[in-house]
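Notes follow the structure.
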Amino acid sequence: MIIRRHLFTGLISLAVIAFLWAPLVIVAINSINSDTLLASWKGATTHWYGDAFHEQSVRSGLRQTMEVAFVSTTISLMLAVTGTLWWRRASPRGRRLFDALTYLRIMLPEVVFAVALFLLFSKLSFQLGTAAVVIGHVVWSSAYATLIVQARTATLDPALESAAADLGANPWRVFRRVTLPGLMPGILAAGLLTFTFSFDDVVTSYFLTGAGTAPLPVVILSMIRFRITPEINAVGMMVMVFTVAMFAIGFLAVTRLGSGARRALTLPEGRGR
Amino acid sequence: MTVAAVRLTRLHKRFGDLVAVRELDLEIPSGGFFSLIGPSGCGKTTTLRMVAGLEQPDGGTIEVGGDDITRRPAYRRPVNTVFQSYALFPHLDVTDNVAFGLVEERRPQNEIRTRVAEMLELVQLTGRERSKPSQLSGGQQQRVALARALVKHPQVLLLDEPLGALDLKLRKELQQQLKEVQRRVGITFVYVTHDQEEAFSMSDRVAVMHEGVLEQVGTPQEIYERPATTFVADFVGASNRTEATIEASLGAGRYRLRAGVASGLEARGPEGLAEGAAVSLIVRPEQLRLGSEGFAAEVIDVSYLGPARHLVLESEQLGRLQATVGGEVPASPGDRVAVSWPADAAWIVP
């Protein structure tokens, strides 16, 4: 009985996993399939990768995406850190308000913000394009970044900042030499997350790009509207590999940094009172 | 006498409705080991933090070395602190922790290197330069915290229960080291602790605080033998206390008084007490003698303390008494004994 029940749940789980991952596997296979119609396997080729690389809209889209992701991540991190510093000293009411505004930016559908910004920018005759997309991304990515940096402050002993001031560091130096290093693992993690979120965003980018250069996900979307070409598989694979690699590197950096800092903040035995 | 190292004038601090420090006047002489003691919540740590600049007083002034620093931010004060939690920077190694304050002073590299090395030698941490705080024992962390503050050559070093988290044996060792370091560097130490024994063993002078108010300042001996208030008498060690009335002043701080049915007792006390005043009579347990003369009492309990024995006695005239006597005195529960004390050992607290 038990074995059969396990067999049954095991099969279900296997099916679910296959269902979730199969598309990715197919994309991976087709990205090296030399059959132009992608109807059957006709041998391996790296031809599509070369094509994708030389496709003008893909190249400019990638550059645009990187630019947007980089700028919006930087702005989001600055907002997250300054916001968190204010939040630490704020009154309970101020904190609640701040938290509510943060969560709201995560909970409200992205499309709502995108449409609202689109309408606002049109009204103000603010030109759609890179700057507009960056603003659109910062709206929600700064909220995610804030949550992560805020969580990190829990591990920051306020006595450390008192000690730094006591040793002659002015408020800016205290921030530079004690607060910022303490928050660094959180800032790195937040940066990675917001970068990848911005990197693969379609909704906000689509609304706010205007007539200018579109970011890569929007380019891909418009490419498959006409027909599914083998290059798209290659582009998809490259984006995936890039994102996973970024996350892996960042995750390693954060855990290494994080565990070191955590160990240092753990009180030695016998410190309980 | 030279300028006081620290002078607090009518220093006041509230936290909401709670008055943490009430109109405190205190002068700390230069170059000694000064302790601020009292039970938790008495305002001693708040006072220290106000001197460090980590709390802002609601009133009064703080002078260090004759300069009014009340409104100066913490980072511009000529004082440094050893924190109870040590507060070592976890991302910096021992050298960088100790050098932290000198870097802020923008000292030249080679001066920083020499001074840090000297300081690490003083606190016996040579060889651990590249260790992170998390790799050090509690006692070593405490010494890094001490070195980090001392390397700045502050006018006054503030220590906030720096040994509170350590076990007894290590505490004793570090008490000795702290005292030695203080003598060698000659910097004024202001030490906050709730442990009166610790304060007495290290300090030149001690101030006792209670509910934000200064109860008494003096040498450990003065405070132990001539407590100014019943709170001090109780806080700085076990004491036998009975209510008494002054019968007559004998001059020069000597009085005759009555306690319950016993009259004609002699004791010393502060000058200027009026006849008929209600006072407390205090005798330390180690001053009580068991013999053939004195107040009749029954032995209730005897506990063995190694070199001495602790007795609990019940006297009809004086009530419950505690006595600490040498090991040879043969006494066991139920024995009837007579209790007395030398006239000099009894002290009157108004």
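In the structure tokens, each chain is lettered A, B, ... as it comes, each chain's residues begin at 1, and ligands are numbered from 1 in order of appearance.
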Determine, counting only C-alpha atoms, which protein, DNA and RNA residues have an atom within 12 Å of an atom of Ile75 (chain A); residues of the same chain fewer than 5 positions away are not included. Present the result as a VMD selection string. chain A and resid 68 to 70 80 to 83 131 134 to 143 145 to 146 190 to 191 194 to 195
Just need the residues of chain A within 6 Å of chain B, counting only C-alpha atoms, so spit them out as a VMD selection string. chain A and resid 159 to 160 165 to 170 264 271
Taking the DSSP assignment computed from this structure's backbone, write out as a PyMOL selection string all residues of region 176-302 of chain B that belong to strand (DSSP E). chain B and resi 188-193+205-210+213-218+240-251+254-259+262-268+278-283+289-291+295-302
Please dump the current selection as a PDB file, in the first residue's frame; keep C-alpha atoms.
```pdb
ATOM      1  CA  THR B 188      41.010  58.749  34.519  1.00  0.00           C
ATOM      2  CA  PHE B 189      38.807  55.646  34.435  1.00  0.00           C
ATOM      3  CA  VAL B 190      35.091  55.982  35.095  1.00  0.00           C
ATOM      4  CA  TYR B 191      33.734  52.521  35.670  1.00  0.00           C
ATOM      5  CA  VAL B 192      30.069  51.626  35.822  1.00  0.00           C
ATOM      6  CA  THR B 193      29.016  48.406  37.520  1.00  0.00           C
ATOM      7  CA  ARG B 205      36.648  56.487  44.780  1.00  0.00           C
ATOM      8  CA  VAL B 206      33.124  55.205  44.423  1.00  0.00           C
ATOM      9  CA  ALA B 207      29.786  56.944  43.860  1.00  0.00           C
ATOM     10  CA  VAL B 208      26.574  55.144  44.758  1.00  0.00           C
ATOM     11  CA  MET B 209      23.442  55.972  42.768  1.00  0.00           C
ATOM     12  CA  HIS B 210      19.858  55.054  43.467  1.00  0.00           C
ATOM     13  CA  VAL B 213      20.004  60.323  42.633  1.00  0.00           C
ATOM     14  CA  LEU B 214      23.531  60.307  43.993  1.00  0.00           C
ATOM     15  CA  GLU B 215      23.467  58.742  47.460  1.00  0.00           C
ATOM     16  CA  GLN B 216      27.125  58.996  48.467  1.00  0.00           C
ATOM     17  CA  VAL B 217      30.603  59.579  47.078  1.00  0.00           C
ATOM     18  CA  GLY B 218      33.761  58.502  48.858  1.00  0.00           C
ATOM     19  CA  ASN B 240      22.612  44.426  60.583  1.00  0.00           C
ATOM     20  CA  ARG B 241      20.257  47.333  60.892  1.00  0.00           C
ATOM     21  CA  THR B 242      18.008  48.316  63.769  1.00  0.00           C
ATOM     22  CA  GLU B 243      15.877  51.351  64.374  1.00  0.00           C
ATOM     23  CA  ALA B 244      17.239  53.478  67.201  1.00  0.00           C
ATOM     24  CA  THR B 245      16.771  56.842  68.880  1.00  0.00           C
ATOM     25  CA  ILE B 246      19.542  59.241  69.848  1.00  0.00           C
ATOM     26  CA  GLU B 247      19.708  59.722  73.603  1.00  0.00           C
ATOM     27  CA  ALA B 248      22.626  62.111  73.772  1.00  0.00           C
ATOM     28  CA  SER B 249      25.449  63.485  71.722  1.00  0.00           C
ATOM     29  CA  LEU B 250      28.864  62.800  73.211  1.00  0.00           C
ATOM     30  CA  GLY B 251      30.642  65.190  70.810  1.00  0.00           C
ATOM     31  CA  ARG B 254      29.860  60.051  69.057  1.00  0.00           C
ATOM     32  CA  TYR B 255      26.415  59.360  70.351  1.00  0.00           C
ATOM     33  CA  ARG B 256      24.616  57.361  72.966  1.00  0.00           C
ATOM     34  CA  LEU B 257      21.404  55.811  71.767  1.00  0.00           C
ATOM     35  CA  ARG B 258      18.545  53.506  72.542  1.00  0.00           C
ATOM     36  CA  ALA B 259      17.465  50.615  70.359  1.00  0.00           C
ATOM     37  CA  ALA B 262      18.446  48.324  74.980  1.00  0.00           C
ATOM     38  CA  SER B 263      19.687  51.752  75.970  1.00  0.00           C
ATOM     39  CA  GLY B 264      23.099  53.244  76.531  1.00  0.00           C
ATOM     40  CA  LEU B 265      24.535  51.897  73.274  1.00  0.00           C
ATOM     41  CA  GLU B 266      27.447  53.862  71.928  1.00  0.00           C
ATOM     42  CA  ALA B 267      28.054  54.465  68.254  1.00  0.00           C
ATOM     43  CA  ARG B 268      29.669  56.835  65.819  1.00  0.00           C
ATOM     44  CA  ALA B 278      15.087  58.495  64.868  1.00  0.00           C
ATOM     45  CA  VAL B 279      18.042  56.832  63.172  1.00  0.00           C
ATOM     46  CA  SER B 280      19.260  53.452  61.964  1.00  0.00           C
ATOM     47  CA  LEU B 281      22.074  51.669  63.720  1.00  0.00           C
ATOM     48  CA  ILE B 282      24.309  49.607  61.478  1.00  0.00           C
ATOM     49  CA  VAL B 283      26.809  46.912  62.381  1.00  0.00           C
ATOM     50  CA  ARG B 289      31.505  38.953  68.437  1.00  0.00           C
ATOM     51  CA  LEU B 290      30.115  35.930  70.173  1.00  0.00           C
ATOM     52  CA  GLY B 291      31.126  35.801  73.826  1.00  0.00           C
ATOM     53  CA  PHE B 295      22.845  40.755  73.939  1.00  0.00           C
ATOM     54  CA  ALA B 296      21.341  37.339  74.401  1.00  0.00           C
ATOM     55  CA  ALA B 297      20.551  35.586  71.160  1.00  0.00           C
ATOM     56  CA  GLU B 298      19.717  32.179  69.822  1.00  0.00           C
ATOM     57  CA  VAL B 299      21.600  30.611  66.928  1.00  0.00           C
ATOM     58  CA  ILE B 300      19.143  29.858  64.101  1.00  0.00           C
ATOM     59  CA  ASP B 301      21.419  28.726  61.337  1.00  0.00           C
ATOM     60  CA  VAL B 302      25.110  28.198  60.667  1.00  0.00           C
TER      61      VAL B 302
END
```
Need to verify the contact set: region 103-110 of chain A, 8 Å, only C-alpha atoms, exclusion of same-chain residues closer than 3 positions in sequence. Can you return it as an MDAnalysis selection string? chainID A and resid 99:100 113:114 139:140 143:144 203:204
With C-alpha atoms retained, export the selected residues as a PDB file, in the first residue's frame.
```
ATOM      1  CA  ASP A  99       6.025  49.892   5.135  1.00  0.00           C
ATOM      2  CA  ALA A 100       2.526  50.305   3.701  1.00  0.00           C
ATOM      3  CA  PHE A 113       1.626  51.414 -12.464  1.00  0.00           C
ATOM      4  CA  ALA A 114       2.626  51.078 -16.115  1.00  0.00           C
ATOM      5  CA  VAL A 139       8.682  52.069  -8.859  1.00  0.00           C
ATOM      6  CA  TRP A 140       8.573  48.392  -7.958  1.00  0.00           C
ATOM      7  CA  ALA A 143      10.278  48.285  -3.116  1.00  0.00           C
ATOM      8  CA  TYR A 144      11.890  44.842  -3.363  1.00  0.00           C
ATOM      9  CA  VAL A 203       4.914  44.956 -19.010  1.00  0.00           C
ATOM     10  CA  THR A 204       6.397  48.234 -17.804  1.00  0.00           C
TER      11      THR A 204
END
```
Residue set, region 39-211 of chain B restricted to helix (DSSP H, G or I), as a ChimeraX atom specification: /B:44-52,74-76,94-104,109-122,133-135,138-150,168-185,196-202
Only C-alpha atoms, please: the residues just picked out, written as an mmCIF file, in the first residue's frame.
```cif
data_model
loop_
_atom_site.group_PDB
_atom_site.id
_atom_site.type_symbol
_atom_site.label_atom_id
_atom_site.label_comp_id
_atom_site.auth_asym_id
_atom_site.auth_seq_id
_atom_site.Cartn_x
_atom_site.Cartn_y
_atom_site.Cartn_z
ATOM 1 C CA LYS B 44 24.496 55.013 36.176
ATOM 2 C CA THR B 45 24.730 53.862 32.561
ATOM 3 C CA THR B 46 22.620 56.814 31.396
ATOM 4 C CA THR B 47 25.015 59.149 33.202
ATOM 5 C CA LEU B 48 27.970 57.499 31.485
ATOM 6 C CA ARG B 49 26.298 57.691 28.081
ATOM 7 C CA MET B 50 25.625 61.384 28.596
ATOM 8 C CA VAL B 51 29.309 61.974 29.315
ATOM 9 C CA ALA B 52 30.162 60.007 26.147
ATOM 10 C CA ALA B 74 30.067 62.338 20.643
ATOM 11 C CA TYR B 75 32.708 62.303 17.896
ATOM 12 C CA ARG B 76 34.284 65.543 19.132
ATOM 13 C CA VAL B 94 41.916 43.254 15.658
ATOM 14 C CA THR B 95 44.414 45.748 14.228
ATOM 15 C CA ASP B 96 41.791 47.632 12.221
ATOM 16 C CA ASN B 97 39.445 47.708 15.198
ATOM 17 C CA VAL B 98 42.119 49.248 17.385
ATOM 18 C CA ALA B 99 43.240 51.611 14.628
ATOM 19 C CA PHE B 100 39.682 52.791 13.925
ATOM 20 C CA GLY B 101 39.823 55.902 16.088
ATOM 21 C CA LEU B 102 43.324 56.893 14.961
ATOM 22 C CA VAL B 103 42.273 56.639 11.315
ATOM 23 C CA GLU B 104 39.444 59.051 12.125
ATOM 24 C CA GLN B 109 50.267 55.449 8.847
ATOM 25 C CA ASN B 110 53.464 54.724 10.754
ATOM 26 C CA GLU B 111 52.234 56.470 13.898
ATOM 27 C CA ILE B 112 49.048 54.399 13.777
ATOM 28 C CA ARG B 113 51.079 51.225 13.335
ATOM 29 C CA THR B 114 53.321 51.968 16.304
ATOM 30 C CA ARG B 115 50.548 53.033 18.631
ATOM 31 C CA VAL B 116 48.357 50.031 17.783
ATOM 32 C CA ALA B 117 51.275 47.662 18.356
ATOM 33 C CA GLU B 118 52.060 49.304 21.702
ATOM 34 C CA MET B 119 48.470 49.065 22.793
ATOM 35 C CA LEU B 120 48.127 45.425 21.781
ATOM 36 C CA GLU B 121 51.202 44.688 23.833
ATOM 37 C CA LEU B 122 49.710 46.504 26.816
ATOM 38 C CA PRO B 133 36.509 39.516 16.629
ATOM 39 C CA SER B 134 34.453 36.351 16.108
ATOM 40 C CA GLN B 135 37.619 34.264 16.466
ATOM 41 C CA GLY B 138 35.122 36.915 25.473
ATOM 42 C CA GLY B 139 38.094 38.043 27.530
ATOM 43 C CA GLN B 140 40.152 38.760 24.424
ATOM 44 C CA GLN B 141 37.298 40.724 22.847
ATOM 45 C CA GLN B 142 37.035 42.751 26.011
ATOM 46 C CA ARG B 143 40.750 43.562 25.808
ATOM 47 C CA VAL B 144 40.436 44.616 22.152
ATOM 48 C CA ALA B 145 37.614 46.963 23.181
ATOM 49 C CA LEU B 146 39.839 48.388 25.915
ATOM 50 C CA ALA B 147 42.774 48.845 23.533
ATOM 51 C CA ARG B 148 40.560 50.452 20.899
ATOM 52 C CA ALA B 149 39.416 53.102 23.372
ATOM 53 C CA LEU B 150 42.759 53.622 25.147
ATOM 54 C CA LEU B 168 33.877 34.849 37.677
ATOM 55 C CA LYS B 169 37.455 33.622 37.324
ATOM 56 C CA LEU B 170 38.081 35.663 34.181
ATOM 57 C CA ARG B 171 36.448 38.684 35.807
ATOM 58 C CA LYS B 172 38.880 38.571 38.720
ATOM 59 C CA GLU B 173 41.799 38.305 36.338
ATOM 60 C CA LEU B 174 40.637 41.184 34.181
ATOM 61 C CA GLN B 175 39.828 43.348 37.210
ATOM 62 C CA GLN B 176 43.454 43.058 38.186
ATOM 63 C CA GLN B 177 44.581 43.838 34.637
ATOM 64 C CA LEU B 178 42.298 46.863 34.358
ATOM 65 C CA LYS B 179 43.624 48.281 37.578
ATOM 66 C CA GLU B 180 47.207 47.782 36.424
ATOM 67 C CA VAL B 181 46.521 49.330 33.032
ATOM 68 C CA GLN B 182 44.933 52.334 34.726
ATOM 69 C CA ARG B 183 48.025 52.854 36.900
ATOM 70 C CA ARG B 184 50.336 52.553 33.931
ATOM 71 C CA VAL B 185 48.525 54.929 31.584
ATOM 72 C CA GLN B 196 29.953 46.643 44.592
ATOM 73 C CA GLU B 197 32.668 44.109 45.337
ATOM 74 C CA GLU B 198 34.180 44.652 41.909
ATOM 75 C CA ALA B 199 34.004 48.421 42.327
ATOM 76 C CA PHE B 200 35.579 48.305 45.791
ATOM 77 C CA SER B 201 38.467 46.103 44.711
ATOM 78 C CA MET B 202 39.468 48.413 41.856
#
```
Excluding Ile32 (chain A) and any residue of its chain fewer than 5 positions from it, enumerate the residues within 12 Å of it, using only C-alpha atoms, and give them as a ChimeraX atom specification. /A:25-27,38,40-51,230-235,237
